[in-house]
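Participant: Sharing target_18.cif below, mmCIF, C-alpha atoms:
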```cif
data_coords
loop_
_atom_site.group_PDB
_atom_site.id
_atom_site.type_symbol
_atom_site.label_atom_id
_atom_site.label_comp_id
_atom_site.auth_asym_id
_atom_site.auth_seq_id
_atom_site.Cartn_x
_atom_site.Cartn_y
_atom_site.Cartn_z
ATOM 1 C CA MET A 1 23.358 27.946 -0.906
ATOM 2 C CA ASN A 2 22.365 27.563 2.709
ATOM 3 C CA ASN A 3 23.089 24.509 4.832
ATOM 4 C CA GLU A 4 19.540 23.168 4.652
ATOM 5 C CA SER A 5 19.333 23.204 0.851
ATOM 6 C CA GLY A 6 22.848 21.773 0.620
ATOM 7 C CA TYR A 7 21.847 18.924 2.918
ATOM 8 C CA THR A 8 18.693 18.276 0.902
ATOM 9 C CA ILE A 9 20.663 18.037 -2.334
ATOM 10 C CA TRP A 10 23.250 15.760 -0.712
ATOM 11 C CA SER A 11 20.524 13.562 0.797
ATOM 12 C CA GLU A 12 18.698 13.144 -2.517
ATOM 13 C CA ARG A 13 21.903 12.383 -4.399
ATOM 14 C CA SER A 14 22.984 9.952 -1.707
ATOM 15 C CA THR A 15 19.712 8.040 -1.978
ATOM 16 C CA ILE A 16 19.945 7.980 -5.767
ATOM 17 C CA SER A 17 23.555 6.815 -5.531
ATOM 18 C CA ASP A 18 22.610 4.018 -3.116
ATOM 19 C CA CYS A 19 19.805 2.877 -5.419
ATOM 20 C CA LEU A 20 22.119 2.861 -8.420
ATOM 21 C CA LYS A 21 24.606 0.739 -6.442
ATOM 22 C CA ASN A 22 21.810 -1.677 -5.499
ATOM 23 C CA LEU A 23 21.055 -2.077 -9.197
ATOM 24 C CA GLY A 24 24.708 -2.741 -10.037
ATOM 25 C CA MET A 25 25.358 0.650 -11.630
ATOM 26 C CA LYS A 26 28.451 1.615 -9.651
ATOM 27 C CA ASP A 27 29.820 4.120 -12.182
ATOM 28 C CA LEU A 28 26.545 6.040 -12.283
ATOM 29 C CA ALA A 29 26.373 5.918 -8.472
ATOM 30 C CA ILE A 30 29.759 7.616 -8.255
ATOM 31 C CA LYS A 31 28.751 10.218 -10.834
ATOM 32 C CA ALA A 32 25.529 10.981 -8.914
ATOM 33 C CA MET A 33 27.575 12.160 -5.930
ATOM 34 C CA LYS A 34 29.829 14.522 -7.879
ATOM 35 C CA PRO A 35 28.977 18.220 -7.412
ATOM 36 C CA CYS A 36 29.499 18.897 -11.131
ATOM 37 C CA THR A 37 26.706 16.475 -12.099
ATOM 38 C CA THR A 38 23.723 18.520 -13.280
ATOM 39 C CA GLN A 39 20.250 18.242 -11.803
ATOM 40 C CA GLU A 40 19.035 17.246 -15.268
ATOM 41 C CA LEU A 41 21.307 14.201 -15.188
ATOM 42 C CA ILE A 42 20.210 13.371 -11.626
ATOM 43 C CA THR A 43 16.610 13.374 -12.874
ATOM 44 C CA LYS A 44 17.601 10.984 -15.673
ATOM 45 C CA PHE A 45 19.297 8.721 -13.124
ATOM 46 C CA LEU A 46 16.066 8.675 -11.145
ATOM 47 C CA SER A 47 14.129 7.605 -14.249
ATOM 48 C CA ILE A 48 16.660 4.846 -14.932
ATOM 49 C CA ILE A 49 16.363 3.603 -11.358
ATOM 50 C CA VAL A 50 12.567 3.425 -11.486
ATOM 51 C CA LYS A 51 12.570 1.675 -14.873
ATOM 52 C CA GLU A 52 15.215 -0.901 -13.891
ATOM 53 C CA ALA A 53 13.807 -1.517 -10.409
ATOM 54 C CA ASN A 54 10.377 -2.205 -11.904
ATOM 55 C CA LYS A 55 11.874 -4.473 -14.559
ATOM 56 C CA LEU A 56 13.857 -6.435 -11.945
ATOM 57 C CA ASN A 57 11.102 -6.374 -9.282
ATOM 58 C CA LYS A 58 13.460 -4.605 -6.864
ATOM 59 C CA HIS A 59 10.739 -3.343 -4.540
ATOM 60 C CA ASP A 60 13.299 -2.445 -1.876
ATOM 61 C CA VAL A 61 14.828 0.110 -4.244
ATOM 62 C CA LEU A 62 11.422 1.552 -5.113
ATOM 63 C CA GLU A 63 10.536 1.787 -1.417
ATOM 64 C CA GLN A 64 13.806 3.590 -0.706
ATOM 65 C CA LEU A 65 12.896 6.208 -3.317
ATOM 66 C CA TYR A 66 9.363 6.501 -1.967
ATOM 67 C CA PHE A 67 10.453 7.012 1.652
ATOM 68 C CA ALA A 68 13.010 9.603 0.538
ATOM 69 C CA GLY A 69 10.221 11.500 -1.248
ATOM 70 C CA LEU A 70 11.763 10.896 -4.665
ATOM 71 C CA SER A 71 8.884 8.855 -6.127
ATOM 72 C CA HIS A 72 5.154 8.754 -5.720
ATOM 73 C CA GLY A 73 4.247 5.138 -5.182
#
```
Rewrite the coordinates I just gave you, this time as structure tokens.
Facilitator:
Amino acid sequence: MNNESGYTIWSERSTISDCLKNLGMKDLAIKAMKPCTTQELITKFLSIIVKEANKLNKHDVLEQLYFAGLSHG
């Protein structure tokens, strides 16, 4: 893996981890940053974030995902 793709993966996981923390899901946030966590699970975390943020009207979390390129409006 080159440095650019490694940074991209870290950046995406960091954003997802921050969003999980903002939603009170500290354990999932920690798991999101572990290298052994599969991309499939990261995708599930992203779905959980979107669902919970919408339910709780946490527009700041949704905007964070949008600006990171992890959601489409």
Participant: Which residues are near Arg13 of chain A? Cut-off 8 Å, only C-alpha atoms, ignore same chain within fewer than 6 positions. Put them as a PDB file with C-alpha atoms, keeping the file's coordinate frame.
Facilitator:
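Final output, selection.pdb:
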```pdb
ATOM      1  CA  ALA A  32      25.529  10.981  -8.914  1.00  0.00           C
ATOM      2  CA  MET A  33      27.575  12.160  -5.930  1.00  0.00           C
ATOM      3  CA  ILE A  42      20.210  13.371 -11.626  1.00  0.00           C
TER       4      ILE A  42
END
```
Participant: Tell me which residues the PyMOL selection byres ((chain A and resi 16) around 9) grabs here, as a list in words.
Facilitator: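 So the PyMOL selection byres ((chain A and resi 16) around 9) ends up selecting Ser11, Glu12, Arg13, Ser14, Thr15, Ser17, Asp18, Cys19, Leu20, Lys21, Ala29, Ala32, Met33, Ile42, Phe45, Leu46, Ile49, Leu65 and Leu70 of chain A.
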Participant: Interatomic distance between atom CA of Val61 of chain A and atom CA of Glu4 of chain A?
Facilitator: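 Interatomic distance here is 25.2 Å.
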Participant: Atom CA of Thr8 of chain A and atom CA of Glu40 of chain A, how far apart in Å?
Facilitator: 16.2 Å
Participant: Translate the PyMOL selection byres ((chain A and resi 63) around 12) into a concrete residue list for this structure, as number ranges by chain.
Facilitator: A: 15, 19, 49-50, 53-54, 57-62, 64-73
Participant: In Å, with one decimal, what is the gap from atom CA of Ile48 of chain A to atom CA of Leu23 of chain A?
Facilitator: 10.0 Å
